[in-house]
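Structure below is entry-v7.csv: CSV, C-alpha atoms and all ligand atoms.
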```
chain,number,residue,atom,x,y,z
A,8,MET,CA,-16.0,-19.7,-4.6
A,9,GLN,CA,-18.7,-18.0,-2.5
A,10,GLN,CA,-18.1,-18.2,1.3
A,11,ALA,CA,-20.6,-17.5,4.1
A,12,LEU,CA,-20.4,-14.0,5.5
A,13,SER,CA,-19.2,-15.1,9.0
A,14,ARG,CA,-19.0,-12.6,11.8
A,15,PRO,CA,-16.0,-12.4,14.1
A,16,ALA,CA,-16.2,-13.5,17.7
A,17,LYS,CA,-17.2,-10.9,20.4
A,18,ALA,CA,-13.7,-10.9,22.1
A,19,ALA,CA,-12.0,-9.9,18.8
A,20,PRO,CA,-14.9,-8.2,16.9
A,21,PHE,CA,-12.6,-7.0,14.1
A,22,ALA,CA,-10.7,-10.3,13.6
A,23,ALA,CA,-10.8,-12.0,10.2
A,24,PRO,CA,-12.9,-15.2,9.9
A,25,SER,CA,-11.1,-17.8,11.9
A,26,ASP,CA,-11.0,-20.3,9.1
A,27,TRP,CA,-9.2,-17.9,6.7
A,28,PRO,CA,-5.5,-18.2,6.3
A,29,VAL,CA,-3.6,-15.8,8.5
A,30,LEU,CA,-1.9,-12.9,6.8
A,31,SER,CA,1.8,-13.5,7.6
A,32,PRO,CA,5.3,-13.3,6.0
A,33,ALA,CA,4.5,-16.7,4.5
A,34,TYR,CA,1.2,-15.6,3.1
A,35,ASP,CA,1.0,-12.1,1.5
A,36,PRO,CA,-1.6,-12.3,-1.3
A,37,TRP,CA,-0.7,-8.7,-2.4
A,38,ASP,CA,2.8,-9.9,-3.5
A,39,PRO,CA,2.8,-10.4,-7.3
A,40,ILE,CA,5.5,-13.0,-7.0
A,41,ARG,CA,2.8,-15.4,-5.7
A,42,SER,CA,0.5,-15.0,-8.7
A,43,LEU,CA,3.5,-15.1,-11.1
A,44,GLN,CA,4.7,-18.4,-9.5
A,45,GLN,CA,1.1,-19.8,-9.7
A,46,HIS,CA,0.2,-18.8,-13.2
A,47,GLY,CA,3.6,-18.6,-14.9
A,48,ARG,CA,3.0,-14.9,-15.9
A,49,HIS,CA,1.6,-11.8,-14.3
A,50,GLU,CA,-2.1,-12.0,-13.8
A,51,LEU,CA,-4.6,-9.6,-12.4
A,52,THR,CA,-5.3,-10.7,-8.8
A,53,SER,CA,-5.7,-7.4,-7.1
A,54,VAL,CA,-7.9,-4.3,-7.7
A,55,GLU,CA,-7.4,-1.0,-6.0
A,56,LEU,CA,-10.3,1.4,-5.9
A,57,THR,CA,-9.9,5.2,-5.5
A,58,VAL,CA,-13.1,6.1,-3.7
A,59,THR,CA,-12.4,9.7,-2.9
A,60,HIS,CA,-10.2,12.7,-3.8
A,61,LEU,CA,-11.1,14.4,-0.5
A,62,CYS,CA,-8.8,14.5,2.5
A,63,ASN,CA,-8.6,16.3,5.8
A,64,MET,CA,-4.8,16.3,5.6
A,65,ARG,CA,-2.3,17.6,3.0
A,66,CYS,CA,0.9,15.6,3.7
A,67,GLU,CA,4.0,17.1,2.2
A,68,HIS,CA,4.9,13.7,0.6
A,69,CYS,CA,1.4,12.8,-0.6
A,70,ALA,CA,1.8,10.6,-3.8
A,71,VAL,CA,-1.6,11.7,-5.0
A,72,GLY,CA,-1.6,15.2,-3.6
A,73,ASP,CA,-2.0,17.0,-6.9
A,74,GLY,CA,-5.3,15.1,-7.4
A,75,LEU,CA,-6.9,16.0,-4.1
A,76,THR,CA,-10.0,18.2,-4.4
A,77,MET,CA,-12.5,20.1,-2.2
A,78,THR,CA,-15.6,18.6,-3.8
A,79,GLU,CA,-16.4,15.6,-5.9
A,80,ALA,CA,-18.9,14.1,-8.3
A,81,PRO,CA,-21.1,11.1,-7.6
A,82,HIS,CA,-19.6,7.6,-7.6
A,83,LEU,CA,-20.1,5.1,-10.4
A,84,PRO,CA,-23.0,2.7,-9.8
A,85,LEU,CA,-21.8,-0.1,-7.6
A,86,ASP,CA,-23.5,-2.8,-9.7
A,87,LEU,CA,-21.2,-1.9,-12.6
A,88,LEU,CA,-18.2,-2.2,-10.3
A,89,PHE,CA,-19.4,-5.6,-8.9
A,90,ARG,CA,-20.0,-6.9,-12.4
A,91,ARG,CA,-16.4,-5.9,-13.4
A,92,LEU,CA,-15.0,-7.5,-10.2
A,93,ASP,CA,-17.1,-10.7,-10.8
A,94,GLU,CA,-15.3,-11.0,-14.2
A,95,VAL,CA,-11.8,-10.9,-12.7
A,96,ARG,CA,-10.9,-14.5,-12.9
A,97,HIS,CA,-8.1,-14.7,-10.3
A,98,LEU,CA,-9.2,-11.9,-8.0
A,99,GLU,CA,-7.6,-12.3,-4.5
A,100,THR,CA,-7.4,-8.9,-3.0
A,101,ILE,CA,-9.1,-5.5,-3.0
A,102,SER,CA,-7.6,-2.2,-1.7
A,103,ILE,CA,-9.5,0.9,-1.0
A,104,THR,CA,-7.7,4.2,-1.2
A,105,GLY,CA,-8.1,8.0,-1.6
A,106,GLY,CA,-7.7,10.8,-0.4
A,107,GLU,CA,-9.0,9.7,2.9
A,108,PRO,CA,-11.6,7.1,2.1
A,109,THR,CA,-13.5,7.7,5.3
A,110,PHE,CA,-13.7,11.5,4.9
A,111,ARG,CA,-17.4,11.4,4.2
A,112,LEU,CA,-19.6,9.1,6.2
A,113,GLU,CA,-21.8,8.7,3.1
A,114,THR,CA,-18.8,7.1,1.3
A,115,VAL,CA,-18.2,4.8,4.2
A,116,LYS,CA,-21.8,3.6,4.2
A,117,ASN,CA,-22.6,3.6,0.5
A,118,VAL,CA,-19.3,2.5,-1.1
A,119,ILE,CA,-16.8,1.1,1.4
A,120,LEU,CA,-19.1,-1.1,3.4
A,121,PRO,CA,-20.7,-2.7,0.3
A,122,VAL,CA,-17.3,-3.3,-1.3
A,123,LEU,CA,-16.0,-4.9,1.9
A,124,LYS,CA,-19.0,-7.1,2.3
A,125,TYR,CA,-18.6,-8.2,-1.4
A,126,ALA,CA,-15.0,-9.1,-0.6
A,127,ARG,CA,-15.9,-11.1,2.4
A,128,GLU,CA,-18.7,-13.0,0.6
A,129,ARG,CA,-16.3,-13.8,-2.2
A,130,GLY,CA,-13.4,-14.8,0.1
A,131,ILE,CA,-11.2,-11.9,-1.0
A,132,ARG,CA,-8.8,-10.1,1.3
A,133,SER,CA,-9.2,-6.4,1.7
A,134,GLN,CA,-7.2,-3.4,2.7
A,135,LEU,CA,-8.2,0.2,3.5
A,136,ASN,CA,-5.6,3.0,3.3
A,137,SER,CA,-6.6,5.5,5.9
A,138,ASN,CA,-5.1,8.2,8.2
A,139,VAL,CA,-7.5,7.0,11.0
A,140,THR,CA,-7.7,10.6,12.3
A,141,LEU,CA,-11.5,10.8,12.2
A,142,ASP,CA,-14.0,9.7,14.7
A,143,PHE,CA,-13.7,6.0,15.8
A,144,GLU,CA,-17.3,5.3,15.0
A,145,ARG,CA,-16.7,5.2,11.3
A,146,TYR,CA,-13.8,2.8,11.6
A,147,GLU,CA,-15.8,0.7,13.9
A,148,LEU,CA,-18.4,0.3,11.1
A,149,ILE,CA,-15.8,-0.9,8.7
A,150,ALA,CA,-13.5,-3.0,10.8
A,151,PRO,CA,-15.6,-6.1,11.2
A,152,TYR,CA,-15.5,-6.7,7.4
A,153,LEU,CA,-11.9,-5.5,6.8
A,154,ASP,CA,-8.6,-7.5,6.7
A,155,VAL,CA,-6.0,-4.8,6.8
A,156,MET,CA,-6.2,-1.3,8.1
A,157,HIS,CA,-3.2,0.4,6.5
A,158,ILE,CA,-2.1,3.7,8.1
A,159,SER,CA,0.8,6.1,7.4
A,160,PHE,CA,3.1,6.7,10.3
A,161,ASN,CA,6.1,8.9,9.9
A,162,TYR,CA,6.3,10.7,13.3
A,163,THR,CA,7.9,10.6,16.6
A,164,GLN,CA,5.7,13.3,18.1
A,165,ALA,CA,2.8,15.6,17.5
A,166,GLU,CA,5.0,18.4,16.1
A,167,ASP,CA,6.2,16.1,13.3
A,168,PHE,CA,2.6,15.2,12.4
A,169,HIS,CA,1.8,18.9,12.3
A,170,GLN,CA,4.7,19.7,10.0
A,171,VAL,CA,4.4,16.7,7.7
A,172,GLY,CA,0.6,16.3,7.6
A,173,PHE,CA,-0.6,19.9,7.0
A,174,ALA,CA,2.3,21.3,4.9
A,175,ARG,CA,0.2,21.7,1.8
A,176,THR,CA,-3.1,23.0,3.2
A,177,GLY,CA,-2.4,26.5,1.9
A,178,ARG,CA,-3.4,28.1,5.2
A,179,SER,CA,-2.0,28.0,8.7
A,180,VAL,CA,-3.4,25.1,10.9
A,181,ARG,CA,-2.9,25.4,14.7
A,182,LEU,CA,-0.7,22.9,16.5
A,183,GLU,CA,-3.4,22.4,19.1
A,184,THR,CA,-5.8,21.3,16.4
A,185,THR,CA,-3.5,18.9,14.7
A,186,SER,CA,-2.3,17.5,18.1
A,187,LYS,CA,-5.8,16.4,18.8
A,188,LEU,CA,-5.9,14.6,15.5
A,189,TYR,CA,-2.5,13.0,16.2
A,190,GLU,CA,-3.8,11.7,19.6
A,191,ARG,CA,-6.9,10.4,18.0
A,192,MET,CA,-5.0,8.6,15.2
A,193,ILE,CA,-2.9,6.8,17.8
A,194,ASP,CA,-5.9,6.0,20.0
A,195,ASN,CA,-7.9,4.7,17.0
A,196,ALA,CA,-5.0,2.5,15.8
A,197,ARG,CA,-4.6,1.1,19.3
A,198,ARG,CA,-8.4,0.4,19.7
A,199,LEU,CA,-8.6,-1.2,16.2
A,200,SER,CA,-5.6,-3.4,17.1
A,201,GLU,CA,-7.1,-4.4,20.4
A,202,GLY,CA,-10.3,-5.4,18.6
A,203,GLY,CA,-8.3,-7.9,16.6
A,204,LEU,CA,-7.9,-5.9,13.3
A,205,PHE,CA,-4.6,-6.3,11.5
A,206,VAL,CA,-3.3,-2.8,11.5
A,207,SER,CA,-0.3,-2.2,9.3
A,208,ALA,CA,1.6,1.1,9.7
A,209,GLU,CA,3.7,2.3,6.7
A,210,SER,CA,6.6,4.6,7.1
A,211,MET,CA,8.6,6.1,4.3
A,212,ILE,CA,12.3,6.6,4.3
A,213,ASN,CA,12.9,10.2,3.4
A,214,TYR,CA,14.9,13.3,4.5
A,215,ARG,CA,12.9,13.6,7.7
A,216,THR,CA,12.6,10.0,8.8
A,217,HIS,CA,15.9,8.3,7.8
A,218,GLU,CA,17.6,9.1,11.0
A,219,ARG,CA,14.5,8.6,13.2
A,220,ILE,CA,13.2,5.4,11.8
A,221,ALA,CA,14.1,3.4,14.9
A,222,ASP,CA,11.9,5.7,17.1
A,223,ILE,CA,9.1,5.6,14.6
A,224,HIS,CA,9.3,1.7,14.7
A,225,ARG,CA,9.0,1.7,18.5
A,226,LEU,CA,5.9,3.9,18.4
A,227,ILE,CA,4.3,1.7,15.8
A,228,ILE,CA,4.8,-1.3,18.1
A,229,GLU,CA,3.3,0.6,21.0
A,230,MET,CA,0.1,1.1,19.0
A,231,GLY,CA,-0.2,-2.6,18.7
A,232,CYS,CA,0.3,-2.8,14.9
A,233,LEU,CA,1.0,-6.3,13.6
A,234,ARG,CA,3.1,-5.0,10.7
A,235,HIS,CA,5.5,-2.2,9.9
A,236,GLU,CA,5.7,-1.5,6.2
A,237,VAL,CA,8.6,0.6,5.0
A,238,HIS,CA,9.1,2.2,1.6
A,239,PRO,CA,11.5,4.8,0.3
A,240,MET,CA,9.9,8.1,-0.7
A,241,TYR,CA,9.8,8.6,-4.4
A,242,PRO,CA,9.4,12.1,-6.0
A,243,SER,CA,5.9,11.8,-7.3
A,244,SER,CA,3.2,14.5,-7.0
A,245,PHE,CA,3.7,16.6,-3.8
A,246,ALA,CA,6.8,14.6,-2.9
A,247,SER,CA,8.6,15.8,-6.1
A,248,SER,CA,9.6,19.1,-4.4
A,249,LEU,CA,11.1,17.5,-1.3
A,250,PRO,CA,14.8,16.9,-0.7
A,251,VAL,CA,16.0,13.5,-1.8
A,252,ILE,CA,18.3,11.3,0.3
A,253,THR,CA,21.1,9.2,-1.2
A,254,ARG,CA,20.9,5.5,-1.7
A,255,ARG,CA,23.7,5.2,0.9
A,256,GLN,CA,21.4,7.0,3.5
A,257,MET,CA,18.6,4.8,2.5
A,258,MET,CA,20.7,1.7,2.9
A,259,ASP,CA,21.8,2.8,6.3
A,260,ALA,CA,18.2,3.4,7.4
A,261,VAL,CA,17.2,-0.1,6.3
A,262,LYS,CA,20.2,-1.6,8.1
A,263,THR,CA,19.4,0.3,11.3
A,264,LEU,CA,15.8,-1.0,11.2
A,265,LEU,CA,17.0,-4.6,10.8
A,266,ASP,CA,19.4,-4.1,13.7
A,267,VAL,CA,16.9,-2.6,16.2
A,268,ARG,CA,13.5,-3.9,15.0
A,269,ASP,CA,11.2,-5.9,17.3
A,270,PRO,CA,11.7,-9.4,15.9
A,271,GLY,CA,8.1,-10.3,16.8
A,272,ILE,CA,6.6,-7.8,14.3
A,273,TRP,CA,6.4,-8.5,10.6
A,274,MET,CA,8.5,-6.0,8.7
A,275,LEU,CA,7.5,-5.5,5.1
A,276,PHE,CA,9.8,-3.6,2.8
A,277,GLY,CA,8.6,-2.5,-0.6
A,278,THR,CA,9.8,-0.5,-3.6
A,279,LEU,CA,13.4,-0.7,-2.4
A,280,PRO,CA,16.0,0.2,-5.0
A,281,PHE,CA,18.2,-2.7,-4.0
A,282,PHE,CA,18.4,-5.9,-6.1
A,283,ALA,CA,20.1,-9.2,-6.2
A,284,CYS,CA,21.5,-8.4,-9.6
A,285,SER,CA,23.5,-5.5,-8.4
A,286,GLU,CA,27.2,-5.3,-9.1
A,287,GLU,CA,27.8,-3.9,-5.6
A,288,GLU,CA,28.5,-6.6,-3.2
A,289,GLU,CA,27.3,-4.6,-0.2
A,290,GLU,CA,23.9,-4.2,-1.9
A,291,ARG,CA,23.6,-7.9,-2.6
A,292,ARG,CA,24.6,-8.6,1.0
A,293,LEU,CA,21.7,-6.4,2.2
A,294,VAL,CA,19.3,-8.1,-0.2
A,295,SER,CA,20.4,-11.5,1.1
A,296,ARG,CA,20.0,-10.3,4.7
A,297,LEU,CA,16.5,-9.0,4.0
A,298,ARG,CA,15.6,-12.4,2.5
A,299,SER,CA,17.0,-14.5,5.4
A,300,GLU,CA,15.8,-12.6,8.5
A,301,PRO,CA,12.8,-14.1,10.2
A,302,ASN,CA,9.6,-12.0,10.0
A,303,VAL,CA,11.0,-9.8,7.3
A,304,THR,CA,9.7,-9.7,3.7
A,305,VAL,CA,10.4,-7.6,0.6
A,306,ARG,CA,7.2,-7.3,-1.3
A,307,ASN,CA,7.5,-7.0,-5.1
A,308,ASP,CA,5.4,-4.0,-6.1
A,309,PRO,CA,1.9,-4.9,-7.1
A,310,ASP,CA,1.3,-1.9,-9.3
A,311,GLY,CA,1.0,-3.0,-12.9
A,312,ARG,CA,2.2,-6.5,-11.9
A,313,ASN,CA,-0.9,-8.1,-10.4
A,314,ARG,CA,-2.9,-4.9,-9.7
A,315,VAL,CA,-4.7,-2.1,-11.4
A,316,ASN,CA,-6.3,1.0,-9.9
A,317,VAL,CA,-9.9,1.9,-10.7
A,318,ASN,CA,-11.1,5.5,-10.4
A,319,MET,CA,-14.6,5.2,-8.9
A,320,PHE,CA,-15.8,8.4,-10.4
A,321,SER,CA,-14.7,8.2,-14.0
A,322,GLY,CA,-14.2,4.4,-14.3
A,323,ASP,CA,-10.7,5.0,-15.6
A,324,VAL,CA,-8.2,2.1,-15.0
A,325,TYR,CA,-4.6,2.9,-14.1
A,326,VAL,CA,-1.7,0.7,-13.6
A,327,THR,CA,-0.7,2.8,-10.6
A,328,ASP,CA,-2.6,5.2,-8.5
A,329,PHE,CA,0.2,7.7,-9.2
A,330,ALA,CA,-1.1,9.6,-12.2
A,331,SER,CA,2.1,9.6,-14.2
A,332,VAL,CA,1.0,6.8,-16.5
A,333,PRO,CA,-2.2,7.6,-18.3
A,334,PRO,CA,-5.3,5.4,-18.0
A,335,PHE,CA,-5.3,2.1,-19.8
A,336,GLY,CA,-9.0,1.6,-20.2
A,337,ASN,CA,-12.3,2.2,-18.5
A,338,ILE,CA,-14.7,-0.2,-16.7
A,339,ARG,CA,-17.7,1.3,-18.5
A,340,GLU,CA,-16.4,-0.3,-21.7
A,341,GLU,CA,-14.0,-3.0,-20.8
A,342,LYS,CA,-13.3,-6.0,-18.6
A,343,LEU,CA,-10.5,-5.5,-16.1
A,344,ASP,CA,-8.7,-8.7,-17.3
A,345,ASP,CA,-8.7,-7.3,-20.8
A,346,VAL,CA,-7.3,-3.9,-19.7
A,347,PHE,CA,-4.6,-5.8,-17.8
A,348,ALA,CA,-3.8,-8.0,-20.8
A,349,LYS,CA,-3.2,-4.8,-22.8
A,350,TRP,CA,-0.8,-3.4,-20.2
A,351,ARG,CA,1.0,-6.7,-19.9
A,352,GLU,CA,2.1,-6.4,-23.5
A,353,HIS,CA,3.0,-2.7,-23.3
A,354,PRO,CA,6.6,-1.7,-23.9
A,355,MET,CA,6.8,0.1,-20.5
A,356,GLN,CA,5.9,-3.1,-18.7
A,357,GLN,CA,8.0,-5.3,-21.0
A,358,ALA,CA,11.1,-3.2,-20.2
A,359,ILE,CA,11.0,-4.2,-16.5
A,360,ASN,CA,9.4,-7.6,-16.9
A,361,CYS,CA,12.4,-9.5,-15.4
A,362,HIS,CA,12.1,-12.4,-13.0
A,363,CYS,CA,14.7,-14.2,-11.0
A,364,PRO,CA,13.1,-17.0,-9.1
A,365,ALA,CA,16.1,-17.7,-6.9
A,366,ALA,CA,15.9,-14.1,-5.6
A,367,GLY,CA,12.1,-14.1,-5.3
A,368,CYS,CA,12.2,-10.9,-7.4
A,369,CYS,CA,10.2,-9.7,-10.4
A,370,GLY,CA,12.0,-6.5,-11.1
A,371,PRO,CA,11.8,-2.8,-10.1
A,372,ASN,CA,8.6,-0.8,-10.4
A,373,LEU,CA,8.3,2.2,-12.8
A,374,LEU,CA,9.2,4.8,-10.1
A,375,VAL,CA,12.3,3.0,-9.0
A,376,GLN,CA,13.5,2.5,-12.5
A,377,ASP,CA,12.8,6.1,-13.4
A,378,MET,CA,14.6,7.5,-10.3
A,379,TYR,CA,17.7,5.2,-10.1
A,380,TYR,CA,18.0,3.0,-13.2
A,381,ARG,CA,17.1,5.0,-16.3
A,382,ASP,CA,20.0,3.6,-18.3
A,383,VAL,CA,19.8,0.0,-17.0
A,384,ASP,CA,18.2,-2.8,-19.0
A,385,PHE,CA,16.9,-5.1,-16.4
A,386,MET,CA,15.9,-7.7,-19.0
A,387,THR,CA,19.6,-8.4,-19.5
A,388,ARG,CA,20.4,-8.7,-15.8
A,389,ARG,CA,20.3,-11.8,-13.6
A,390,ALA,CA,20.5,-12.3,-9.8
A,391,LEU,CA,24.1,-12.9,-8.7
A,392,PRO,CA,25.1,-15.3,-6.0
A,401,LIG,S1,14.3,-9.9,-11.3
A,401,LIG,FE1,15.2,-8.2,-12.3
A,401,LIG,S2,15.6,-6.7,-10.7
A,401,LIG,FE2,15.3,-8.7,-9.7
A,401,LIG,S3,17.3,-9.6,-9.4
A,401,LIG,FE3,16.5,-10.3,-11.4
A,401,LIG,S4,17.2,-8.9,-12.9
A,401,LIG,FE4,17.5,-7.9,-11.0
```
Starting from the file, lay out its structure as structure tokens.
Amino acid sequence: MQQALSRPAKAAPFAAPSDWPVLSPAYDPWDPIRSLQQHGRHELTSVELTVTHLCNMRCEHCAVGDGLTMTEAPHLPLDLLFRRLDEVRHLETISITGGEPTFRLETVKNVILPVLKYARERGIRSQLNSNVTLDFERYELIAPYLDVMHISFNYTQAEDFHQVGFARTGRSVRLETTSKLYERMIDNARRLSEGGLFVSAESMINYRTHERIADIHRLIIEMGCLRHEVHPMYPSSFASSLPVITRRQMMDAVKTLLDVRDPGIWMLFGTLPFFACSEEEEERRLVSRLRSEPNVTVRNDPDGRNRVNVNMFSGDVYVTDFASVPPFGNIREEKLDDVFAKWREHPMQQAINCHCPAAGCCGPNLLVQDMYYRDVDFMTRRALP
């Protein structure tokens, strides 16, 4: 249904329209369990757009790092994209990703803003994945039309940011230079939060962060973020050369967070390798704790469940923005619902297409299965009490 493009109030210029449902642990339209419950099977409700392969950073863990470039081709015409989005019957959310989507002001004005306005007019929730290290003015342009500003935050100080964020630049970058970006990132996140924007900071649990996750959580709260999103690091792209921590270390980091977290902030865990069908009692206890703690959610992974990724240069459609699964179609030739229907029947999707309603779980994603459960047939498992 078309909705009027309402502008937020002056006191909170970046807040979502006041008559829209508030994003909360009880309402997370990105979680594929909602569409599965509603439609009785996985449906396409979410489209992610890769709008750039440029970035001012080269994080050591970047899941799309191998695809980053120094120059890029023109974008596909937006009227083609809007036609394809119009055809998605159950569309509820759009995510914009990169690279750093705001790297070029031209992309902000000519692609991101029109897409966000389209989403607002259609009553669709939007998310932008950004490092927010660039000048505030470009975020200020976007924020009035955006629902979620999603940032990465894996640091306790400027030195961490320097080591993590510029590890793969291929040249030496001075600490003084990156410290300025670090300060600007924190300042931008704070200003956007103060303006009423829902800022969600994502940390990954990896060899650097697993023992510092409590301090990282505290800094995220100080920036005014409304949500702390936590995922384990999986070895895709740049991250594949980094040391891997054990499941035990990961479990300990999750427990620490649950013990020390600010209970007023929404904690969203995703792509965890812990399931209610585990034979290990301790793992099941953790899963049950995650489900019962207030303001804590475990989001089922959208990739390939209710979401596809569209490359805004080639038109290729992926089931994940990590390039390990080849494209499934192209928006120049096909409707997105049709591409998704093909994927839904694919043996790779069928192999992990389990669903235990009592556990609110619809199975592991492809990365989790590949890393921890290569020999496990999830289709024969069931959540245990
Ligand atoms: S849905 Fe799959 S992964 Fe989740 S508890 Fe059930 S069998 Fe295990």
Q.
When you count all atoms listed in the file, which of these residues is closest to Ser248 of chain A: A:Tyr380, A:Phe281, A:Phe205, A:Tyr214?
A.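 Using all atoms listed in the file, Ser248 of chain A sits closest to A:Tyr214.
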Q: Tell me which protein, DNA and RNA residues are within 7 Å of segment 238-240 of chain A, counting all atoms listed in the file, leaving out same-chain ones fewer than 3 positions away, and put them as a list in words.
A: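 My reading of the contact set: Ser210, Met211, Ile212, Asn213, Phe276, Gly277, Thr278 and Leu279 of chain A.
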Q | Nearby polymer residues, ligand LIG 401 (chain A), at most 8 Å, only C-alpha atoms and all ligand atoms, as a PyMOL selection string | A | chain A and resi 282-285+359-364+366-371+385-391
**Q.** Which residue of A:Asp222, A:Glu79, A:Asp308, A:Glu55 approaches Leu373 of chain A most closely, using all atoms listed in the file
**A.**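 Closest candidate: A:Asp308.
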Q: Give the answer as one residue: which of A:Ser102, A:Asn302, A:Thr263, A:Asn307 has the shortest atom-to-atom distance to Ile131 of chain A, using all atoms listed in the file?
A: A:Ser102
Q | Nearest residue to Leu30 of chain A from the set A:Leu265, A:Ile193, A:Leu85, A:Leu233 (distances using all atoms listed in the file) | A |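 Answer, going by the shortest atom-to-atom distance: A:Leu233.
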Q | Among listed residues A:Asp377, A:Asp323, A:Asp344, A:Glu209, nearest Leu56 of chain A (using all atoms listed in the file) | A |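 Going through A:Asp377, A:Asp323, A:Asp344, A:Glu209 one by one, the smallest distance to Leu56 of chain A is for A:Asp323.
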**Q.** Nearest residue to Pro250 of chain A from the set A:Glu340, A:Asp35, A:Asp93, A:Glu67 (distances using all atoms listed in the file)
**A.**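 Under the stated criterion, the closest residue is A:Glu67.
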Q: Just give me the gap between atom CA of Val326 of chain A and atom CA of His49 of chain A in Å, one decimal is fine.
A: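 Between atom CA of Val326 of chain A and atom CA of His49 of chain A the gap works out to 12.9 Å.
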Q: Find the residues around Lys116 of chain A up to 9 Å (only C-alpha atoms counted), leave out those fewer than 3 positions away in its own chain, and share them as number ranges by chain.
A: A: 111-113, 119-121, 145, 148-149
Q) Could you work out how far atom CA of Ser159 of chain A lies from atom CA of Val303 of chain A, giving the answer in Å with one decimal? A)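 For atom CA of Val303 of chain A relative to atom CA of Ser159 of chain A, the distance reads 18.9 Å.
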Q) Could you pull the residues within 9 Å of Ala150 of chain A, counting only C-alpha atoms, minus those fewer than 4 positions along the same chain, as a list of chain:residue names? A)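 These residues fall inside the cut-off: A:Pro20, A:Phe21, A:Ala22, A:Arg145, A:Tyr146, A:Asp154, A:Val155, A:Met156, A:Leu199, A:Gly202, A:Leu204.
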Write out as CSV a residue-level contact list of segment 53-94 of chain A versus segment 135-140 of chain A with cut-off 12 Å: for each qualifying residue the closest pair of atoms and the distance in Å to one decimal, counting all atoms listed in the file, rows sorted by chain and residue number upward.
```
residue,atom,partner,partner_atom,distance
A:Glu55,CA,A:Leu135,CA,9.6
A:Leu56,CA,A:Leu135,CA,9.7
A:Thr57,CA,A:Asn136,CA,10.0
A:Val58,CA,A:Leu135,CA,10.5
A:Thr59,CA,A:Ser137,CA,11.3
A:Leu61,CA,A:Ser137,CA,11.8
A:Cys62,CA,A:Asn138,CA,9.3
A:Asn63,CA,A:Thr140,CA,8.7
A:Met64,CA,A:Asn138,CA,8.5
A:Arg65,CA,A:Asn138,CA,11.1
A:Cys66,CA,A:Asn138,CA,10.5
A:Cys69,CA,A:Asn138,CA,11.9
```
Any chance you could export the current selection's C-alpha atoms as an mmCIF file, keeping the file's coordinate frame?
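Final output, saved to out13.cif:
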```
data_model
loop_
_atom_site.group_PDB
_atom_site.id
_atom_site.type_symbol
_atom_site.label_atom_id
_atom_site.label_comp_id
_atom_site.auth_asym_id
_atom_site.auth_seq_id
_atom_site.Cartn_x
_atom_site.Cartn_y
_atom_site.Cartn_z
ATOM 1 C CA GLU A 55 -7.400 -1.000 -6.000
ATOM 2 C CA LEU A 56 -10.300 1.400 -5.900
ATOM 3 C CA THR A 57 -9.900 5.200 -5.500
ATOM 4 C CA VAL A 58 -13.100 6.100 -3.700
ATOM 5 C CA THR A 59 -12.400 9.700 -2.900
ATOM 6 C CA LEU A 61 -11.100 14.400 -0.500
ATOM 7 C CA CYS A 62 -8.800 14.500 2.500
ATOM 8 C CA ASN A 63 -8.600 16.300 5.800
ATOM 9 C CA MET A 64 -4.800 16.300 5.600
ATOM 10 C CA ARG A 65 -2.300 17.600 3.000
ATOM 11 C CA CYS A 66 0.900 15.600 3.700
ATOM 12 C CA CYS A 69 1.400 12.800 -0.600
#
```
Q) Between atom CA of Leu343 of chain A and atom CA of Leu92 of chain A, what is the spacing in Å? A)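 Calculated distance between atom CA of Leu92 of chain A and atom CA of Leu343 of chain A is 7.7 Å.
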**Q.** Spatial sel., origin (3.9, 0.4, -12.9), limit 12 Å, only C-alpha atoms, listed as a ChimeraX atom specification
**A.** /A:278,307-316,325-335,347,350-351,353-360,370-377
Can you sort out segment 262-269 of chain A so it carries N, CA and C atoms, written as an mmCIF file, in the frame of the given file?
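Result file is result26.cif:
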```
data_model
loop_
_atom_site.group_PDB
_atom_site.id
_atom_site.type_symbol
_atom_site.label_atom_id
_atom_site.label_comp_id
_atom_site.auth_asym_id
_atom_site.auth_seq_id
_atom_site.Cartn_x
_atom_site.Cartn_y
_atom_site.Cartn_z
ATOM 1 N N LYS A 262 19.343 -0.829 7.232
ATOM 2 C CA LYS A 262 20.200 -1.600 8.100
ATOM 3 C C LYS A 262 19.876 -1.345 9.587
ATOM 4 N N THR A 263 19.699 -0.067 9.908
ATOM 5 C CA THR A 263 19.400 0.300 11.300
ATOM 6 C C THR A 263 18.079 -0.394 11.721
ATOM 7 N N LEU A 264 17.103 -0.351 10.851
ATOM 8 C CA LEU A 264 15.800 -1.000 11.200
ATOM 9 C C LEU A 264 16.005 -2.489 11.445
ATOM 10 N N LEU A 265 16.787 -3.118 10.600
ATOM 11 C CA LEU A 265 17.000 -4.600 10.800
ATOM 12 C C LEU A 265 17.727 -4.826 12.090
ATOM 13 N N ASP A 266 18.613 -3.909 12.482
ATOM 14 C CA ASP A 266 19.400 -4.100 13.700
ATOM 15 C C ASP A 266 18.498 -3.914 14.968
ATOM 16 N N VAL A 267 17.596 -2.937 14.925
ATOM 17 C CA VAL A 267 16.900 -2.600 16.200
ATOM 18 C C VAL A 267 15.436 -3.043 16.206
ATOM 19 N N ARG A 268 14.942 -3.610 15.135
ATOM 20 C CA ARG A 268 13.500 -3.900 15.000
ATOM 21 C C ARG A 268 13.103 -4.914 16.138
ATOM 22 N N ASP A 269 11.815 -4.896 16.435
ATOM 23 C CA ASP A 269 11.200 -5.900 17.300
ATOM 24 C C ASP A 269 11.051 -7.163 16.441
#
```
